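These notes are about the structure you will find just below.
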Amino acid sequence: MKSTILTNPNKKPKWHKMSVGGYIALIITTLLSIFPFYWMFIVASNGTDEISKIPPTLLPGPRFFTVVSHVYEALPQFNQALLNSFYVGTSVALAQVFFSAIAGFAFAKLNFKGQRFMVLFVVLTMMLPSQLGIIPLFMLMGYAGLLNSLGALIVPALVTAFGVFWMRQVIDSQVPNELLEAASIDGAGIFRVYLGIVLPIIAQSSFVLGLFSFLASWNDYLWPLLVLNSPENFTAQVAVSELKSSYAIDYALNMGGAFLSTVPLLILFIFVGRRLVRGVMDGAVKG
Amino acid sequence: MSQNTVARRTSKPPSPWKPVTPSRKLSNPNAVVSLNGRWGYIFTAPFFVMFLIFGLAPIIYSVYIAFFDWDALGTKVFIGMDNFTNLMADDRFWNAMVNTFDIWLMSTIPMLIISISLAAVLHSPFLKGSTFWRTILLVPNITSVLAIAIVFGQLFGRDFGIVNDIIGALGFPHVDFIQGTQSSHIAIASMIVWRWTGYNALIFLAAMLAVPGELYESASLDGASKWQQFRYVTLPSLRNTITFVLIVGTIGGLQVFAEPLILGGSYNGGDSGQFSTLTLFLFDQAFVAYKWGYAAAIGIMITVIVSIVSIINFYITRKLAGEKK
């Protein structure tokens with residue numbers, strides 16, 4: 001990262017003083033960021049009646065496991081839904097990294113006719129609203145016999161213009177040309193150059209791209225809702241939205257479902273949060 | 001936009017292996033010339049093939065069906081521009097348009113101000129635990145819109161929501177957030193702000209860290225106050241980043257649908273369409289009314305609107321944030 005001024009004590013600039021106000025702002029931001037998760041748990045562990053009091057309970061209650069069992073009563077396939085989400089997310093992440101990395105390598109480091117135009121094409125397609133083609137895509141999934149299957153979630157998400165563009169930027173800025181030239185002049189073929197030199201350098205960034213693809217897939221809501229209709233194929237998001245429609249307003253049940261579908265992400269985040277932060281910041285447009 | 005990458009690229013030392021003056025113009029001036037470029041076609045082919053089938057072809061086809069009267073099961077009838085002229089006369093379309101822009105404005109402006117301020121706080125070299133704060137900022141962004149809309153729907157509830165508890169404690173009457181037009185927009189905008197502020201703060205922080213420290217040093221030697229440094233050093237150097245965040249936010253913000261869909265529990269966007277948005281209206285026509293041609297026409301209008309607003313954004317931010325390059 002470019003945070004050398006942060007780590008080098010001798011270069012500490014004198015014009016910025018860290019004020020108490022800054023910390024207060026950060027603490028408030030932290031509380032606001034965490035609160036909805038905490039609130040999900042509060043509601044799910046107290047039950048709907050308990051939170052309807054004024055002032056509402058702000059402490060966890062004893063009913064969490066009762067509510068969880070209600071979630072499983074309302075939707076016995078909830079575990080299957082979590083597994084489905086995991087399966088779809090992982091497949092999408094692996095495919096996107098694989099296809100984006102190799103295409104990004106070609107766009108960044110190879111010279112072929114039309115390369116410039118193709119990159120422009122990729123950038124322009126990133127600007128297209130994704131909902132525009134949703135009806136024909138739905139029909140296409142019907143023709144392909146993929147409706148009501150997890151394939152309908154995986155196949156259209158195997159590649160994205162964003163992934164290719166991102167990997168191109170990463171490879172362009174992280175992989176020095178000299179290294180590739182030296183290797184290829186020493187007689188290494190293109191696959192050895194790619195597998196032996198490029199891939200190890202971009203491993204971190206590929207991982208970050210994979211994480212973002214996984215998260216996007218896990219959190220996708222409308223498309224799974226449209227193409228899936230039998231409960232054994234539901235993803236976690238569809239399952240949670242089913243809870244919402246099957247009962248009038250049972251907040252505890254809804255929040256219990258939402259909480260269960262979010263916990264896997266929070267656990268994942270504990271391990272990969274710092275890398276995601278780096279990924280976001282590395283990919284930022286600076287200047 | 002990618003001024004920085006371009007600058008970095010051109011400032012690379014010349015490679016000893018590269019011919020000093022390439023006789024023919026390279027398609028890719030940064031390419032490794034000793035690698036056989038033809039592989040490029042094979043390496044990019046899977047992307048292009050799949051993108052054409054699942055990305056571009058559906059879009060082109062929906063442009064085509066926008067000129068037909070098609071109710072999904074029945075026959076297609078070519079009706080020329082009728083879908084578009086009907087759309088122009090459709091109150092629901094204009095209602096959705098007004099709602100979309102209102103939600104977009106109410107989310108974008110606070111989000112920009114808060115995220116730039118947070119980035120400025122995080123930029124301070126005296127900040128303790130910066131990794132922790134940065135990581136926390138990203139937490140809202142990884143959560144699903146569904147889970148968050150369920151929580152916010154409860155928080156903004158009329159009778160037992162915490163927001164109304166606070167409003168009540170301050171001595172004001174309760175607000176029925178979901179039923180009101182402006183108030184439901186506040187609820188939806190707050191979800192968007194909650195989700196994206198931290199993420200964008202990290203983007204702005206990255207851009208601030210890329211500003212050379214000498215600029216600040218000379219500014220403070222010239223006697224510039226902290227605010228003046230922010231206004232005349234930091235802000236102009238964020239110009240491209242602000243443009244980028246605004247354009248990405250416009251593309252996403254003008255297509256907002258998940259929050260209102262979950263909040264209202266249907267494609268109507270509330271009992272009187274008070275928070276119906278353009279994309280929600282598209283889905284309503286496509287998957288409730290099954291008017292596929294009409295829905296496709298809405299999709300095209302959304303694309304046109306997004307493009308126009310993005311271009312306007314681009315010029316406004318150049319004017320506002322920037323002196324010369």
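For the structure tokens, the naming scheme is as follows: chains receive sequential letters (A, B, ...) according to their order of presentation, residues are indexed from 1 within each chain, and ligands are indexed from 1 in presentation order.
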
**Request:** Extract, using only C-alpha atoms, all DNA, RNA and protein residues at most 9 Å from Asp172 (chain A), discarding same-chain residues fewer than 5 positions from it, and format them as a count of residues only.
**Result:** 10

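Residues lying within 7 Å of region 197-209 of chain A, counting only C-alpha atoms and ignoring same-chain neighbours fewer than 6 positions away, are Val97, Ile171, Val175, Arg275, Leu276 and Gly279 of chain A.
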
Those same residues - C-alpha atoms - I'd like them written as an mmCIF file, in the first residue's frame.
data_model
loop_
_atom_site.group_PDB
_atom_site.id
_atom_site.type_symbol
_atom_site.label_atom_id
_atom_site.label_comp_id
_atom_site.auth_asym_id
_atom_site.auth_seq_id
_atom_site.Cartn_x
_atom_site.Cartn_y
_atom_site.Cartn_z
ATOM 1 C CA VAL A 97 -10.883 -15.972 -11.355
ATOM 2 C CA ILE A 171 -1.476 -7.732 -14.034
ATOM 3 C CA VAL A 175 3.788 -7.990 -13.128
ATOM 4 C CA ARG A 275 -7.450 -8.595 2.405
ATOM 5 C CA LEU A 276 -10.746 -7.301 1.091
ATOM 6 C CA GLY A 279 -8.331 -5.218 -2.591
#

**Message:** If you run DSSP on the backbone here, which positions in region 45-199 of chain A get helix (DSSP H, G or I)? Please write them as number ranges by chain.
**Reply:** A: 45-46, 48-51, 64-74, 78-109, 115-127, 130-143, 151-157, 161-174, 177-185, 190-199

Give me the residues near Thr44 (chain B) as a PDB file with C-alpha atoms, in the first residue's frame, where near means some atom within 12 Å (using only C-alpha atoms) and where sequence neighbours in that chain fewer than 4 positions away do not count.
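The new file part.pdb reads:
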ATOM      1  CA  PHE A  98      -9.828 -18.553 -13.919  1.00  0.00           C
ATOM      2  CA  PHE A  99     -11.329 -16.820 -16.961  1.00  0.00           C
ATOM      3  CA  SER A 100     -10.607 -13.272 -15.808  1.00  0.00           C
ATOM      4  CA  ALA A 101      -6.971 -13.940 -14.974  1.00  0.00           C
ATOM      5  CA  ILE A 102      -6.111 -15.504 -18.303  1.00  0.00           C
ATOM      6  CA  ALA A 103      -8.035 -12.909 -20.314  1.00  0.00           C
ATOM      7  CA  GLY A 104      -6.568 -10.139 -18.169  1.00  0.00           C
ATOM      8  CA  PHE A 105      -3.091 -11.525 -18.850  1.00  0.00           C
ATOM      9  CA  ALA A 106      -3.726 -11.440 -22.587  1.00  0.00           C
ATOM     10  CA  PHE A 107      -5.054  -7.890 -22.450  1.00  0.00           C
ATOM     11  CA  ALA A 108      -2.236  -6.627 -20.281  1.00  0.00           C
ATOM     12  CA  LEU A 110       0.163  -9.741 -25.145  1.00  0.00           C
ATOM     13  CA  PHE A 112      -2.482  -8.953 -30.828  1.00  0.00           C
ATOM     14  CA  GLY A 114      -7.675  -5.659 -32.135  1.00  0.00           C
ATOM     15  CA  GLN A 115      -6.435  -5.736 -28.543  1.00  0.00           C
ATOM     16  CA  MET A 118     -11.373  -5.367 -27.278  1.00  0.00           C
ATOM     17  CA  VAL A 119     -10.324  -3.647 -24.051  1.00  0.00           C
ATOM     18  CA  VAL A 122     -14.886  -4.665 -22.145  1.00  0.00           C
ATOM     19  CA  VAL A 159     -17.453 -14.408 -16.645  1.00  0.00           C
ATOM     20  CA  ALA A 161     -16.478  -7.718 -17.794  1.00  0.00           C
ATOM     21  CA  VAL A 164     -11.522  -9.194 -16.764  1.00  0.00           C
ATOM     22  CA  PHE A 165     -10.916  -5.470 -16.512  1.00  0.00           C
ATOM     23  CA  ARG A 168      -5.993  -6.620 -16.526  1.00  0.00           C
TER      24      ARG A 168
ATOM     25  CA  GLY B  37       0.549 -12.404 -29.203  1.00  0.00           C
ATOM     26  CA  ARG B  38      -1.708 -14.785 -31.090  1.00  0.00           C
ATOM     27  CA  TRP B  39      -2.373 -16.624 -27.860  1.00  0.00           C
ATOM     28  CA  GLY B  40      -4.293 -13.528 -26.897  1.00  0.00           C
ATOM     29  CA  PHE B  48     -15.938 -13.264 -25.226  1.00  0.00           C
ATOM     30  CA  VAL B  49     -17.931 -16.363 -26.131  1.00  0.00           C
ATOM     31  CA  MET B  50     -19.684 -16.554 -22.781  1.00  0.00           C
ATOM     32  CA  PHE B  51     -20.142 -12.842 -22.559  1.00  0.00           C
TER      33      PHE B  51
END

**Message:** Using only C-alpha atoms, which protein or nucleic acid residues come within 10 Å of Leu226 (chain A)? Drop anything in the same chain fewer than 6 positions from it, and give the result as number ranges by chain.
**Reply:** A: 138, 147-148, 238; B: 287

**Message:** Applying 12 Å and only C-alpha atoms, which residues near Leu268 (chain A) remain after dropping the ones on its own chain fewer than 4 positions away? List them as a list of chain:residue names.
**Reply:**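 Surrounding residues, per the criterion: A:Phe86, A:Leu211, A:Phe212, A:Phe214, A:Leu215, A:Thr262, A:Val263, A:Pro264, A:Val272, A:Gly273, A:Arg274, A:Arg275, A:Leu276, B:Val139, B:Ile142, B:Thr143.
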
Selected residues written out, C-alpha atoms, as a compact mmCIF listing (two decimals), in the first residue's frame:
# COMPACT_ATOMS: atom_id res chain seq x y z
CA PHE A 86 -21.91 -22.01 -0.88
CA LEU A 211 -13.98 -13.29 -2.64
CA PHE A 212 -15.90 -10.45 -4.22
CA PHE A 214 -18.40 -15.17 -3.96
CA LEU A 215 -20.01 -12.38 -1.94
CA THR A 262 -25.39 -13.64 7.35
CA VAL A 263 -23.32 -15.49 9.97
CA PRO A 264 -21.31 -17.46 7.37
CA VAL A 272 -10.44 -12.19 4.95
CA GLY A 273 -11.61 -8.69 5.92
CA ARG A 274 -8.16 -7.16 5.82
CA ARG A 275 -7.45 -8.60 2.40
CA LEU A 276 -10.75 -7.30 1.09
CA VAL B 139 -18.52 -4.78 7.09
CA ILE B 142 -20.53 -7.56 2.54
CA THR B 143 -24.02 -8.04 3.93

**Request:** Name the closest residue to chain B among the candidates A:Ala284, A:Val193, A:Val71, A:Val20; distances are taken between atoms, counting only C-alpha atoms.
**Result:**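 Of the candidates, the smallest distance to chain B is held by A:Ala284.
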
**Message:** Using only C-alpha atoms for the distances, tell me which of B:Ala149, B:Leu138, B:Val248, B:Val193 is nearest to Ile34 (chain A).
**Reply:** B:Leu138

**Request:** Find the spatial neighbours of Val227 (chain A), counting only C-alpha atoms, within a cut-off of 9 Å - ignore same-chain residues fewer than 2 positions away - and output them as an NGL selection string.
**Result:** :A and (138 or 141 or 146-150 or 152-153 or 222-225 or 229)

For the selection just defined, write its residues with N, CA and C atoms to a file, as a JSON list (two decimals), in the first residue's frame.
[["chain", "number", "residue", "atom", "x", "y", "z"],
["A", 138, "PHE", "N", -33.69, -14.88, -19.11],
["A", 138, "PHE", "CA", -34.65, -15.80, -18.51],
["A", 138, "PHE", "C", -35.15, -16.80, -19.55],
["A", 141, "MET", "N", -32.41, -19.29, -20.40],
["A", 141, "MET", "CA", -32.28, -20.34, -19.38],
["A", 141, "MET", "C", -33.37, -21.39, -19.58],
["A", 146, "LEU", "N", -32.30, -24.90, -17.96],
["A", 146, "LEU", "CA", -31.63, -24.63, -16.68],
["A", 146, "LEU", "C", -32.54, -23.99, -15.64],
["A", 147, "LEU", "N", -33.78, -23.65, -16.03],
["A", 147, "LEU", "CA", -34.66, -23.04, -15.05],
["A", 147, "LEU", "C", -34.88, -23.99, -13.89],
["A", 148, "ASN", "N", -35.02, -23.40, -12.71],
["A", 148, "ASN", "CA", -35.17, -24.18, -11.49],
["A", 148, "ASN", "C", -33.99, -25.11, -11.24],
["A", 149, "SER", "N", -32.80, -24.69, -11.65],
["A", 149, "SER", "CA", -31.61, -25.45, -11.26],
["A", 149, "SER", "C", -30.51, -24.45, -10.89],
["A", 150, "LEU", "N", -29.54, -24.94, -10.13],
["A", 150, "LEU", "CA", -28.47, -24.04, -9.71],
["A", 150, "LEU", "C", -27.63, -23.59, -10.90],
["A", 152, "ALA", "N", -28.65, -22.29, -13.52],
["A", 152, "ALA", "CA", -29.13, -20.99, -13.98],
["A", 152, "ALA", "C", -28.47, -19.85, -13.23],
["A", 153, "LEU", "N", -27.94, -20.14, -12.04],
["A", 153, "LEU", "CA", -27.23, -19.11, -11.29],
["A", 153, "LEU", "C", -25.75, -19.09, -11.66],
["A", 222, "LEU", "N", -32.55, -11.22, -6.57],
["A", 222, "LEU", "CA", -33.69, -11.23, -7.49],
["A", 222, "LEU", "C", -33.59, -12.37, -8.52],
["A", 223, "TRP", "N", -32.43, -12.54, -9.10],
["A", 223, "TRP", "CA", -32.27, -13.57, -10.14],
["A", 223, "TRP", "C", -32.56, -14.96, -9.59],
["A", 224, "PRO", "N", -31.99, -15.35, -8.46],
["A", 224, "PRO", "CA", -32.36, -16.66, -7.89],
["A", 224, "PRO", "C", -33.86, -16.77, -7.62],
["A", 225, "LEU", "N", -34.45, -15.67, -7.16],
["A", 225, "LEU", "CA", -35.89, -15.68, -6.87],
["A", 225, "LEU", "C", -36.69, -15.94, -8.15],
["A", 229, "ASN", "N", -37.68, -22.39, -8.22],
["A", 229, "ASN", "CA", -38.97, -22.48, -7.53],
["A", 229, "ASN", "C", -39.19, -23.71, -6.67]]

**Fill in**
As a check of understanding: the span from CA of Phe234 (chain A) to CA of Tyr294 (chain B) is 29.3 Å

**Message:** Quick check for you: according to DSSP on this backbone, which residues of region 28-243 of chain B are classed as strand (DSSP E)? Reply as an MDAnalysis selection string.
**Reply:** chainID B and resid 68:69 77:78

**Prompt:** Hey, which of A:Phe121, A:Tyr143, A:Tyr194, A:Trp218 ends up closest to Ala81 (chain A)? Count only C-alpha atoms.
**Reply:**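 When distances to Ala81 (chain A) are compared using only C-alpha atoms, the smallest one comes from A:Trp218.
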
**Request:** Tell me which of B:Ser144, B:Gly249, B:His123, B:Met97 sits closest to Ala210 (chain B), counting only C-alpha atoms.
**Result:**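 Using only C-alpha atoms, Ala210 (chain B) sits closest to B:His123.
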
Quick one: contact table of region 54-147 of chain B to region 271-276 of chain B, 8 Å max, nearest atom pair and distance in Å to one decimal per residue, counting only C-alpha atoms, chain and number order, as JSON lines?
{"residue": "B:Arg92", "atom": "CA", "partner": "B:Gly273", "partner_atom": "CA", "distance": 7.9}
{"residue": "B:Asn95", "atom": "CA", "partner": "B:Ser276", "partner_atom": "CA", "distance": 7.4}
{"residue": "B:Ala96", "atom": "CA", "partner": "B:Ser276", "partner_atom": "CA", "distance": 5.1}
{"residue": "B:Asn99", "atom": "CA", "partner": "B:Phe275", "partner_atom": "CA", "distance": 6.0}
{"residue": "B:Thr100", "atom": "CA", "partner": "B:Ser276", "partner_atom": "CA", "distance": 7.7}

Create the file for the chosen residues now, containing C-alpha atoms and written as a short mmCIF file (atom, residue, chain, number, x, y, z; two decimals), in the first residue's frame.
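Resulting contents of again-v1.cif:
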data_model
loop_
_atom_site.label_atom_id
_atom_site.label_comp_id
_atom_site.auth_asym_id
_atom_site.auth_seq_id
_atom_site.Cartn_x
_atom_site.Cartn_y
_atom_site.Cartn_z
CA ARG B 92 -46.42 4.95 -13.30
CA ASN B 95 -43.76 8.32 -10.75
CA ALA B 96 -41.02 5.67 -10.74
CA ASN B 99 -38.88 8.28 -6.93
CA THR B 100 -35.67 6.87 -8.39
#

**Item:** Residue with smallest distance to chain A - pool B:Thr317, B:Thr135, B:Gln285, B:Thr108, counting only C-alpha atoms
**Value:**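 Of all the options, B:Thr135 lies closest to chain A.
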
**Distance in Å - CA of Thr234 (chain B) versus CA of Ala207 (chain B)** =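 Straight-line distance from CA of Thr234 (chain B) to CA of Ala207 (chain B) works out to 9.2 Å.
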